[in-house]
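Novice: work17.cif (mmCIF, C-alpha atoms) pasted underneath:
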data_run
#
loop_
_atom_site.group_PDB
_atom_site.id
_atom_site.type_symbol
_atom_site.label_atom_id
_atom_site.label_comp_id
_atom_site.auth_asym_id
_atom_site.auth_seq_id
_atom_site.Cartn_x
_atom_site.Cartn_y
_atom_site.Cartn_z
ATOM 1 C CA MET A 221 -147.011 -62.746 82.387
ATOM 2 C CA GLU A 222 -143.367 -62.126 83.151
ATOM 3 C CA THR A 223 -140.624 -64.134 81.568
ATOM 4 C CA PRO A 224 -138.271 -66.006 83.906
ATOM 5 C CA THR A 225 -136.035 -63.731 85.943
ATOM 6 C CA SER A 226 -133.906 -64.246 88.988
ATOM 7 C CA GLN A 227 -134.863 -61.285 91.174
ATOM 8 C CA PRO A 228 -138.206 -59.651 92.039
ATOM 9 C CA SER A 229 -138.599 -55.960 91.317
ATOM 10 C CA ALA A 230 -140.653 -54.947 94.375
ATOM 11 C CA PRO A 231 -141.686 -57.994 96.370
ATOM 12 C CA ALA A 232 -144.302 -57.903 99.098
ATOM 13 C CA THR A 233 -142.148 -60.477 100.915
ATOM 14 C CA ALA A 234 -138.533 -61.315 100.225
ATOM 15 C CA ARG A 235 -138.523 -64.417 98.023
ATOM 16 C CA ARG A 236 -135.530 -66.438 96.918
ATOM 17 C CA ALA A 237 -135.281 -68.792 93.969
ATOM 18 C CA THR A 238 -133.669 -72.101 94.911
ATOM 19 C CA GLU A 239 -132.003 -74.740 92.784
ATOM 20 C CA ARG A 240 -134.345 -77.467 91.574
ATOM 21 C CA THR A 241 -133.777 -80.822 89.880
ATOM 22 C CA VAL A 242 -136.727 -82.343 88.069
ATOM 23 C CA LEU A 243 -137.598 -85.330 85.897
ATOM 24 C CA MET A 244 -139.666 -84.898 82.738
ATOM 25 C CA CYS A 245 -140.896 -87.091 79.872
ATOM 26 C CA ARG A 246 -141.530 -85.883 76.322
ATOM 27 C CA PRO A 247 -145.121 -86.509 75.155
ATOM 28 C CA ASP A 248 -144.040 -88.227 71.937
ATOM 29 C CA HIS A 249 -146.916 -90.706 72.228
ATOM 30 C CA PHE A 250 -149.510 -88.389 73.737
ATOM 31 C CA THR A 251 -153.137 -88.998 72.855
ATOM 32 C CA VAL A 252 -156.436 -89.589 74.637
ATOM 33 C CA SER A 253 -157.591 -93.093 73.766
ATOM 34 C CA TYR A 254 -159.333 -93.979 77.044
ATOM 35 C CA ARG A 255 -161.139 -92.208 79.880
ATOM 36 C CA ILE A 256 -159.901 -92.496 83.459
ATOM 37 C CA ASN A 257 -160.704 -88.980 84.705
ATOM 38 C CA PRO A 258 -163.361 -86.344 83.945
ATOM 39 C CA TRP A 259 -160.998 -84.346 81.735
ATOM 40 C CA MET A 260 -160.476 -87.149 79.220
ATOM 41 C CA ASP A 261 -162.772 -87.715 76.222
ATOM 42 C CA PRO A 262 -161.475 -89.981 73.427
ATOM 43 C CA ARG A 263 -163.971 -88.348 71.057
ATOM 44 C CA VAL A 264 -162.083 -85.031 71.269
ATOM 45 C CA PRO A 265 -159.158 -84.949 68.807
ATOM 46 C CA THR A 266 -155.667 -84.477 70.202
ATOM 47 C CA ASP A 267 -152.580 -83.097 68.489
ATOM 48 C CA THR A 268 -149.387 -84.873 69.537
ATOM 49 C CA SER A 269 -147.128 -82.361 67.798
ATOM 50 C CA LEU A 270 -148.813 -79.483 69.639
ATOM 51 C CA ALA A 271 -148.457 -81.357 72.932
ATOM 52 C CA VAL A 272 -144.729 -81.751 72.275
ATOM 53 C CA GLN A 273 -144.437 -78.067 71.359
ATOM 54 C CA GLN A 274 -146.187 -76.934 74.544
ATOM 55 C CA TRP A 275 -144.195 -79.373 76.686
ATOM 56 C CA THR A 276 -140.973 -78.061 75.125
ATOM 57 C CA THR A 277 -141.924 -74.549 76.207
ATOM 58 C CA LEU A 278 -142.240 -75.809 79.780
ATOM 59 C CA TYR A 279 -138.901 -77.614 79.487
ATOM 60 C CA ASP A 280 -137.218 -74.485 78.100
ATOM 61 C CA THR A 281 -138.719 -72.394 80.896
ATOM 62 C CA TYR A 282 -137.166 -74.648 83.508
ATOM 63 C CA VAL A 283 -133.806 -74.554 81.768
ATOM 64 C CA ARG A 284 -133.884 -70.732 81.666
ATOM 65 C CA LEU A 285 -134.637 -70.714 85.374
ATOM 66 C CA GLY A 286 -131.482 -72.719 85.983
ATOM 67 C CA PHE A 287 -133.187 -75.997 86.884
ATOM 68 C CA THR A 288 -131.439 -79.278 86.256
ATOM 69 C CA VAL A 289 -133.855 -81.179 84.009
ATOM 70 C CA GLU A 290 -133.423 -84.919 83.584
ATOM 71 C CA LEU A 291 -135.408 -86.968 81.083
ATOM 72 C CA ILE A 292 -136.948 -90.413 80.995
ATOM 73 C CA ASP A 293 -137.576 -91.974 77.589
ATOM 74 C CA PRO A 294 -141.260 -92.121 76.634
ATOM 75 C CA LEU A 295 -142.606 -95.583 75.857
ATOM 76 C CA GLU A 296 -145.020 -96.312 73.054
ATOM 77 C CA GLY A 297 -148.448 -97.298 74.298
ATOM 78 C CA LEU A 298 -148.130 -95.197 77.475
ATOM 79 C CA PRO A 299 -149.604 -91.826 76.451
ATOM 80 C CA ASP A 300 -149.844 -90.564 80.052
ATOM 81 C CA MET A 301 -146.178 -91.175 80.809
ATOM 82 C CA VAL A 302 -145.644 -87.450 80.140
ATOM 83 C CA TYR A 303 -147.158 -86.866 83.582
ATOM 84 C CA SER A 304 -143.918 -87.731 85.320
ATOM 85 C CA ALA A 305 -145.097 -86.486 88.724
ATOM 86 C CA ASN A 306 -147.117 -89.686 89.019
ATOM 87 C CA GLY A 307 -144.040 -91.873 88.536
ATOM 88 C CA GLY A 308 -142.963 -91.890 92.172
ATOM 89 C CA PHE A 309 -141.818 -89.787 95.120
ATOM 90 C CA THR A 310 -138.161 -89.089 95.895
ATOM 91 C CA LEU A 311 -136.544 -87.915 99.115
ATOM 92 C CA ASP A 312 -133.200 -88.503 100.847
ATOM 93 C CA GLY A 313 -131.883 -90.462 97.873
ATOM 94 C CA LYS A 314 -134.785 -92.920 97.999
ATOM 95 C CA ALA A 315 -137.463 -93.366 95.382
ATOM 96 C CA TYR A 316 -140.822 -94.713 96.496
ATOM 97 C CA GLY A 317 -142.300 -96.202 93.348
ATOM 98 C CA ALA A 318 -145.802 -95.780 91.978
ATOM 99 C CA SER A 319 -148.481 -98.448 91.740
ATOM 100 C CA PHE A 320 -151.227 -97.099 89.498
ATOM 101 C CA THR A 321 -154.951 -97.529 90.023
ATOM 102 C CA TYR A 322 -155.945 -98.054 86.394
ATOM 103 C CA PRO A 323 -154.495 -100.833 84.225
ATOM 104 C CA GLN A 324 -153.852 -98.402 81.364
ATOM 105 C CA ARG A 325 -151.147 -96.705 83.440
ATOM 106 C CA GLN A 326 -149.798 -99.610 85.493
ATOM 107 C CA PRO A 327 -146.778 -100.297 83.225
ATOM 108 C CA GLU A 328 -145.514 -96.784 84.008
ATOM 109 C CA GLY A 329 -144.661 -97.832 87.564
ATOM 110 C CA PRO A 330 -141.902 -100.320 86.663
ATOM 111 C CA ALA A 331 -140.602 -98.004 83.909
ATOM 112 C CA TYR A 332 -140.055 -95.168 86.353
ATOM 113 C CA MET A 333 -138.573 -97.466 88.998
ATOM 114 C CA ASP A 334 -136.054 -98.722 86.434
ATOM 115 C CA TRP A 335 -135.086 -95.116 85.718
ATOM 116 C CA PHE A 336 -134.683 -94.346 89.427
ATOM 117 C CA ARG A 337 -132.372 -97.359 89.873
ATOM 118 C CA ASP A 338 -130.245 -96.355 86.904
ATOM 119 C CA ALA A 339 -130.055 -92.813 88.308
ATOM 120 C CA GLY A 340 -128.670 -94.070 91.609
ATOM 121 C CA PHE A 341 -131.741 -93.934 93.838
ATOM 122 C CA GLU A 342 -132.525 -96.590 96.396
ATOM 123 C CA VAL A 343 -135.829 -97.851 95.030
ATOM 124 C CA VAL A 344 -138.661 -98.929 97.309
ATOM 125 C CA VAL A 345 -141.197 -101.053 95.440
ATOM 126 C CA PRO A 346 -144.645 -100.118 96.772
ATOM 127 C CA GLU A 347 -147.066 -102.577 98.285
ATOM 128 C CA GLU A 348 -149.930 -100.092 98.277
ATOM 129 C CA VAL A 349 -151.663 -98.312 95.408
ATOM 130 C CA ASN A 350 -150.258 -94.804 95.014
ATOM 131 C CA GLU A 351 -149.609 -92.372 92.189
ATOM 132 C CA GLY A 352 -146.425 -90.706 93.337
ATOM 133 C CA GLU A 353 -146.087 -86.972 93.588
ATOM 134 C CA GLY A 354 -149.552 -86.621 92.181
ATOM 135 C CA ASP A 355 -150.773 -87.357 95.699
ATOM 136 C CA PHE A 356 -147.655 -86.770 97.834
ATOM 137 C CA LEU A 357 -146.397 -83.217 98.296
ATOM 138 C CA LEU A 358 -143.422 -82.334 100.481
ATOM 139 C CA VAL A 359 -143.903 -79.177 102.547
ATOM 140 C CA GLY A 360 -140.907 -78.664 104.787
ATOM 141 C CA ASP A 361 -140.434 -81.945 106.675
ATOM 142 C CA VAL A 362 -144.069 -82.949 106.274
ATOM 143 C CA ILE A 363 -145.590 -84.995 103.458
ATOM 144 C CA LEU A 364 -149.128 -83.987 102.538
ATOM 145 C CA ALA A 365 -150.827 -87.124 101.238
ATOM 146 C CA GLY A 366 -154.005 -87.201 99.176
ATOM 147 C CA THR A 367 -156.595 -89.926 98.884
ATOM 148 C CA GLY A 368 -160.135 -90.288 97.627
ATOM 149 C CA PHE A 369 -159.722 -91.122 93.952
ATOM 150 C CA ARG A 370 -156.298 -92.603 93.129
ATOM 151 C CA SER A 371 -153.817 -93.274 95.929
ATOM 152 C CA ALA A 372 -155.051 -95.652 98.618
ATOM 153 C CA SER A 373 -155.057 -94.338 102.176
ATOM 154 C CA ASP A 374 -152.895 -97.342 103.176
ATOM 155 C CA SER A 375 -150.106 -95.811 101.099
ATOM 156 C CA HIS A 376 -149.911 -92.959 103.603
ATOM 157 C CA ALA A 377 -148.664 -95.288 106.331
ATOM 158 C CA GLU A 378 -146.325 -96.954 103.865
ATOM 159 C CA ILE A 379 -144.662 -93.724 102.753
ATOM 160 C CA ALA A 380 -144.342 -92.669 106.400
ATOM 161 C CA ARG A 381 -142.413 -95.883 107.104
ATOM 162 C CA VAL A 382 -140.212 -95.430 104.033
ATOM 163 C CA PHE A 383 -139.107 -91.881 104.776
ATOM 164 C CA GLY A 384 -139.663 -91.506 108.505
ATOM 165 C CA ARG A 385 -141.505 -88.222 108.049
ATOM 166 C CA GLU A 386 -144.802 -86.971 109.359
ATOM 167 C CA VAL A 387 -147.541 -87.701 106.828
ATOM 168 C CA VAL A 388 -150.746 -85.666 106.856
ATOM 169 C CA GLY A 389 -153.665 -87.312 105.097
ATOM 170 C CA LEU A 390 -156.087 -85.184 103.083
ATOM 171 C CA THR A 391 -159.262 -86.403 101.395
ATOM 172 C CA LEU A 392 -160.245 -85.149 97.950
ATOM 173 C CA VAL A 393 -163.964 -85.016 97.154
ATOM 174 C CA ASP A 394 -164.244 -83.541 93.640
ATOM 175 C CA PRO A 395 -163.417 -86.000 90.811
ATOM 176 C CA SER A 396 -162.122 -83.153 88.646
ATOM 177 C CA PHE A 397 -159.347 -82.730 91.224
ATOM 178 C CA TYR A 398 -158.432 -86.372 91.509
ATOM 179 C CA HIS A 399 -154.797 -85.877 92.526
ATOM 180 C CA LEU A 400 -153.563 -83.703 95.373
ATOM 181 C CA ASP A 401 -151.318 -81.720 93.030
ATOM 182 C CA THR A 402 -154.377 -80.485 91.128
ATOM 183 C CA ALA A 403 -155.770 -78.880 94.282
ATOM 184 C CA ILE A 404 -152.658 -77.767 96.208
ATOM 185 C CA ALA A 405 -149.566 -75.882 95.060
ATOM 186 C CA VAL A 406 -146.455 -75.834 97.252
ATOM 187 C CA LEU A 407 -145.191 -72.262 97.032
ATOM 188 C CA ASP A 408 -142.187 -72.450 99.351
ATOM 189 C CA PRO A 409 -139.956 -75.487 98.836
ATOM 190 C CA GLU A 410 -137.565 -73.842 101.304
ATOM 191 C CA PRO A 411 -138.727 -71.986 104.431
ATOM 192 C CA VAL A 412 -139.435 -68.264 104.394
ATOM 193 C CA ASP A 413 -139.132 -66.723 107.868
ATOM 194 C CA GLY A 414 -139.175 -70.244 109.228
ATOM 195 C CA LYS A 415 -142.439 -71.187 107.505
ATOM 196 C CA HIS A 416 -143.661 -72.809 104.316
ATOM 197 C CA ASN A 417 -146.784 -71.776 102.472
ATOM 198 C CA ILE A 418 -149.178 -73.304 99.963
ATOM 199 C CA ALA A 419 -152.100 -72.383 97.731
ATOM 200 C CA TYR A 420 -155.215 -74.535 97.528
ATOM 201 C CA LEU A 421 -158.816 -74.906 96.391
ATOM 202 C CA GLU A 422 -161.149 -75.220 99.360
ATOM 203 C CA SER A 423 -163.958 -77.039 97.545
ATOM 204 C CA ALA A 424 -161.652 -79.909 96.557
ATOM 205 C CA PHE A 425 -161.455 -81.208 100.162
ATOM 206 C CA ASP A 426 -163.733 -82.618 102.817
ATOM 207 C CA GLU A 427 -164.342 -80.630 105.990
ATOM 208 C CA ALA A 428 -161.857 -82.569 108.106
ATOM 209 C CA SER A 429 -159.087 -81.916 105.583
ATOM 210 C CA LEU A 430 -160.004 -78.240 105.359
ATOM 211 C CA ALA A 431 -159.685 -77.942 109.134
ATOM 212 C CA VAL A 432 -156.169 -79.367 108.928
ATOM 213 C CA LEU A 433 -155.157 -77.066 106.074
ATOM 214 C CA ARG A 434 -156.545 -73.973 107.798
ATOM 215 C CA GLU A 435 -154.704 -74.778 111.015
ATOM 216 C CA ARG A 436 -151.372 -75.583 109.384
ATOM 217 C CA PHE A 437 -151.424 -72.904 106.686
ATOM 218 C CA PRO A 438 -153.352 -69.887 107.991
ATOM 219 C CA ASP A 439 -151.732 -67.618 105.386
ATOM 220 C CA ALA A 440 -152.380 -69.897 102.416
ATOM 221 C CA VAL A 441 -153.422 -68.487 99.054
ATOM 222 C CA LEU A 442 -157.037 -69.506 98.470
ATOM 223 C CA VAL A 443 -157.494 -69.968 94.755
ATOM 224 C CA GLY A 444 -160.842 -69.486 93.012
ATOM 225 C CA GLU A 445 -162.819 -72.059 91.072
ATOM 226 C CA GLU A 446 -162.171 -70.378 87.731
ATOM 227 C CA ASP A 447 -158.399 -70.683 87.965
ATOM 228 C CA ALA A 448 -158.564 -74.142 89.537
ATOM 229 C CA SER A 449 -160.818 -75.365 86.722
ATOM 230 C CA ILE A 450 -157.947 -74.982 84.251
ATOM 231 C CA LEU A 451 -155.543 -76.672 86.691
ATOM 232 C CA GLY A 452 -154.017 -73.375 87.717
ATOM 233 C CA LEU A 453 -152.966 -74.938 91.021
ATOM 234 C CA ASN A 454 -151.076 -77.653 89.170
ATOM 235 C CA SER A 455 -148.004 -75.460 89.291
ATOM 236 C CA TYR A 456 -144.350 -75.630 90.279
ATOM 237 C CA SER A 457 -142.382 -73.156 92.399
ATOM 238 C CA ASP A 458 -138.710 -72.650 93.159
ATOM 239 C CA GLY A 459 -139.577 -70.264 95.987
ATOM 240 C CA TYR A 460 -139.747 -67.171 93.797
ATOM 241 C CA ASN A 461 -140.662 -68.170 90.249
ATOM 242 C CA VAL A 462 -143.958 -70.054 90.073
ATOM 243 C CA VAL A 463 -144.741 -71.712 86.743
ATOM 244 C CA ILE A 464 -148.511 -71.854 86.303
ATOM 245 C CA ALA A 465 -151.203 -72.246 83.658
ATOM 246 C CA ALA A 466 -151.110 -69.206 81.386
ATOM 247 C CA LYS A 467 -154.831 -68.552 81.722
ATOM 248 C CA ALA A 468 -154.863 -68.627 85.539
ATOM 249 C CA THR A 469 -154.839 -64.835 85.739
ATOM 250 C CA GLY A 470 -156.471 -64.577 89.148
ATOM 251 C CA PHE A 471 -153.876 -66.884 90.663
ATOM 252 C CA GLU A 472 -151.199 -64.900 88.847
ATOM 253 C CA ARG A 473 -152.383 -61.720 90.558
ATOM 254 C CA GLN A 474 -152.514 -63.404 93.971
ATOM 255 C CA LEU A 475 -148.970 -64.699 93.573
ATOM 256 C CA ARG A 476 -147.632 -61.333 92.486
ATOM 257 C CA GLU A 477 -149.227 -59.682 95.519
ATOM 258 C CA ARG A 478 -147.342 -62.153 97.738
ATOM 259 C CA GLY A 479 -143.992 -61.336 96.112
ATOM 260 C CA TYR A 480 -143.723 -64.337 93.792
ATOM 261 C CA ASN A 481 -142.954 -64.155 90.082
ATOM 262 C CA PRO A 482 -145.687 -66.069 88.201
ATOM 263 C CA ILE A 483 -144.719 -67.426 84.792
ATOM 264 C CA GLY A 484 -147.540 -68.568 82.552
ATOM 265 C CA VAL A 485 -147.172 -71.573 80.250
ATOM 266 C CA ASP A 486 -149.855 -72.870 77.892
ATOM 267 C CA LEU A 487 -150.314 -76.629 78.295
ATOM 268 C CA SER A 488 -153.861 -76.672 76.941
ATOM 269 C CA GLU A 489 -153.256 -79.786 74.823
ATOM 270 C CA LEU A 490 -151.993 -81.777 77.809
ATOM 271 C CA LEU A 491 -154.978 -80.509 79.790
ATOM 272 C CA LEU A 492 -157.141 -82.707 77.551
ATOM 273 C CA ALA A 493 -155.896 -85.683 79.569
ATOM 274 C CA GLY A 494 -156.156 -83.882 82.902
ATOM 275 C CA GLY A 495 -152.569 -82.726 83.327
ATOM 276 C CA GLY A 496 -150.753 -79.431 83.786
ATOM 277 C CA VAL A 497 -147.406 -77.988 84.816
ATOM 278 C CA LYS A 498 -146.889 -80.007 87.995
ATOM 279 C CA CYS A 499 -148.172 -83.214 86.427
ATOM 280 C CA CYS A 500 -145.276 -82.940 83.965
ATOM 281 C CA THR A 501 -142.747 -82.310 86.743
ATOM 282 C CA LEU A 502 -141.323 -84.806 89.231
ATOM 283 C CA GLU A 503 -138.932 -83.368 91.776
ATOM 284 C CA LEU A 504 -135.698 -85.322 92.276
ATOM 285 C CA ARG A 505 -134.357 -85.041 95.826
ATOM 286 C CA ARG A 506 -131.047 -86.810 96.119
#
Represent the supplied structure as structure tokens.
Specialist:
Amino acid sequence: METPTSQPSAPATARRATERTVLMCRPDHFTVSYRINPWMDPRVPTDTSLAVQQWTTLYDTYVRLGFTVELIDPLEGLPDMVYSANGGFTLDGKAYGASFTYPQRQPEGPAYMDWFRDAGFEVVVPEEVNEGEGDFLLVGDVILAGTGFRSASDSHAEIARVFGREVVGLTLVDPSFYHLDTAIAVLDPEPVDGKHNIAYLESAFDEASLAVLRERFPDAVLVGEEDASILGLNSYSDGYNVVIAAKATGFERQLRERGYNPIGVDLSELLLAGGGVKCCTLELRR
């Protein structure tokens, strides 16, 4: 795949990279010692040093793309804290905190909210169970909100009250795609010809949700099972450069045909706990 660049060579559609600010957390304590999703198996050995190495490649990729990357300190005993996307949802200078489903991850919620406060965000402590940007994706002025495995559907009404934006609920039905950001990729953080587009896996959603997605995003990239099965959709885009799983070659081809610049990163070690590029990336919107 291509290395990060700033301009497409021959785009199918004019794409423009936009400035991004993200929050990341080094996987210094990464391991798989419990099982809370189908990807995790404590019997399979993990290599913390390899996880750090792969994460550093993702970090360096963002820096080369000109992103502002901020860091939260990893805490011992919280091996999944590397998946910073789950730590909350930020918009308009507010941070809606996370309240995790499983007790193994629950201490991450207060840790991230403390970071948001120190960083100058107005922090909203959640009343409802939600796992941050894992299940909340901003597309234009609309928040796509996932439920079915982690975030409670009541959190959809709560986040709508917090930010005053339209919230569109989507129901996930495949436990391998337990967060919305494993089944949908936001390709256009800023509008292109007045529209935003996404990529998604059809089989991850119930029929009612599919009807909504097809109506709202008729030109969406429909990603195949093979690429989705390695969390290829768990990607992050600046509007031109799209950082994806290195082995998601079909998705890479689809993106290139649409005028995007796909950049492959190997996060295979972090995949052992069910996380990929987007899981390691929380957008900061001040």
Novice: Tell me, counting all atoms listed in the file, for each residue of segment 430-487 of chain A within 8 Å of segment 495-499 of chain A, which pair of atoms is nearest and how far apart they are in Å to one decimal, in rows ordered by chain and increasing number, as CSV.
Specialist:
residue,atom,partner,partner_atom,distance
A:Leu451,CA,A:Gly496,CA,6.2
A:Gly452,CA,A:Gly496,CA,7.9
A:Asn454,CA,A:Lys498,CA,4.9
A:Ser455,CA,A:Lys498,CA,4.9
A:Tyr456,CA,A:Lys498,CA,5.6
A:Val463,CA,A:Val497,CA,7.1
A:Ile464,CA,A:Val497,CA,6.4
A:Ala465,CA,A:Val497,CA,7.0
A:Val485,CA,A:Val497,CA,7.9
A:Leu487,CA,A:Gly496,CA,6.2
Novice: I'd like to see the residues matched by the PyMOL selection byres ((chain A and resi 501) around 12) on this file, and ideally I'd get them as an NGL selection string.
Specialist: :A and (240-246 or 275 or 278-279 or 282 or 287-292 or 301-309 or 352-354 or 401 or 454-457 or 463-464 or 495-500 or 502-504)
Novice: Please compute the atom CA of Asp248 of chain A-atom CA of Val272 of chain A distance, one decimal, in Å.
Specialist: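 Pair atom CA of Asp248 of chain A / atom CA of Val272 of chain A returns 6.5 Å.
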Novice: Using all atoms listed in the file, which of the listed residues (A:Val462, A:Met333, A:Ala339, A:Ala377) sits closest to Ala419 of chain A?
Specialist: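 Result for the nearest residue to Ala419 of chain A: A:Val462.
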Novice: Within 9 Å of Thr233 of chain A, counting all atoms listed in the file, which residues qualify if same-chain residues fewer than 3 places away don't, as a PDB file with C-alpha atoms, in the coordinates of the input?
Specialist:
ATOM      1  CA  ALA A 230    -140.653 -54.947  94.375  1.00  0.00           C
ATOM      2  CA  VAL A 412    -139.435 -68.264 104.394  1.00  0.00           C
ATOM      3  CA  GLU A 477    -149.227 -59.682  95.519  1.00  0.00           C
ATOM      4  CA  ARG A 478    -147.342 -62.153  97.738  1.00  0.00           C
ATOM      5  CA  GLY A 479    -143.992 -61.336  96.112  1.00  0.00           C
ATOM      6  CA  TYR A 480    -143.723 -64.337  93.792  1.00  0.00           C
TER       7      TYR A 480
END
Novice: For segment 329-331 of chain A, work out the shell of residues within 10 Å, counting all atoms listed in the file and skipping chain neighbours fewer than 2 positions away, then give it as an mmCIF file with C-alpha atoms, in the frame of the given file.
Specialist:
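That gives us selection.cif:
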data_model
loop_
_atom_site.group_PDB
_atom_site.id
_atom_site.type_symbol
_atom_site.label_atom_id
_atom_site.label_comp_id
_atom_site.auth_asym_id
_atom_site.auth_seq_id
_atom_site.Cartn_x
_atom_site.Cartn_y
_atom_site.Cartn_z
ATOM 1 C CA ILE A 292 -136.948 -90.413 80.995
ATOM 2 C CA ASP A 293 -137.576 -91.974 77.589
ATOM 3 C CA PRO A 294 -141.260 -92.121 76.634
ATOM 4 C CA LEU A 295 -142.606 -95.583 75.857
ATOM 5 C CA MET A 301 -146.178 -91.175 80.809
ATOM 6 C CA ASN A 306 -147.117 -89.686 89.019
ATOM 7 C CA GLY A 307 -144.040 -91.873 88.536
ATOM 8 C CA GLY A 308 -142.963 -91.890 92.172
ATOM 9 C CA GLY A 317 -142.300 -96.202 93.348
ATOM 10 C CA ALA A 318 -145.802 -95.780 91.978
ATOM 11 C CA SER A 319 -148.481 -98.448 91.740
ATOM 12 C CA PHE A 320 -151.227 -97.099 89.498
ATOM 13 C CA ARG A 325 -151.147 -96.705 83.440
ATOM 14 C CA GLN A 326 -149.798 -99.610 85.493
ATOM 15 C CA PRO A 327 -146.778 -100.297 83.225
ATOM 16 C CA MET A 333 -138.573 -97.466 88.998
ATOM 17 C CA ASP A 334 -136.054 -98.722 86.434
ATOM 18 C CA TRP A 335 -135.086 -95.116 85.718
ATOM 19 C CA PHE A 336 -134.683 -94.346 89.427
ATOM 20 C CA VAL A 345 -141.197 -101.053 95.440
ATOM 21 C CA PRO A 346 -144.645 -100.118 96.772
ATOM 22 C CA ASN A 350 -150.258 -94.804 95.014
ATOM 23 C CA GLU A 351 -149.609 -92.372 92.189
ATOM 24 C CA GLY A 352 -146.425 -90.706 93.337
#
Novice: Give me the residues near segment 420-424 of chain A as a PyMOL selection string, where near means some atom within 10 Å (using only C-alpha atoms) and where sequence neighbours in that chain fewer than 6 positions away do not count.
Specialist: chain A and resi 391-406+430+433-434+440-445+447-449+452-454
Novice: Check the smallest atom-to-atom distance from each of A:Ala271, A:Val344, A:Ile483, A:Val432 to Arg381 of chain A using only C-alpha atoms, then report the winner.
Specialist: A:Val344
Novice: Would you mind reading off the distance between atom CA of Arg255 of chain A and atom CA of Ala493 of chain A, one decimal, in Å?
Specialist: 8.4 Å
Novice: To test your reading of the syntax: which residues would the PyMOL selection byres ((chain A and resi 252) around 10) return for the file shown? Reply as a list in words.
Specialist: His249, Phe250, Thr251, Ser253, Tyr254, Arg255, Ile256, Trp259, Met260, Asp261, Pro262, Arg263, Val264, Pro265, Thr266, Asp267, Thr268, Pro299, Asp300, Leu490, Leu492 and Ala493 of chain A
Novice: Take atom CA of Asp426 of chain A and atom CA of Leu475 of chain A and report the distance between them in Å, one decimal.
Specialist: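 It comes out at 25.0 Å.
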Novice: Provide an axis-aligned box for all listed atoms of segment 358-364 of chain A, padding each side by 4 Å; report its centre and its edge lengths in Å to one decimal, as JSON.
Specialist:
{"center_x": -144.8, "center_y": -81.8, "center_z": 103.6, "size_x": 16.7, "size_y": 14.3, "size_z": 14.2}
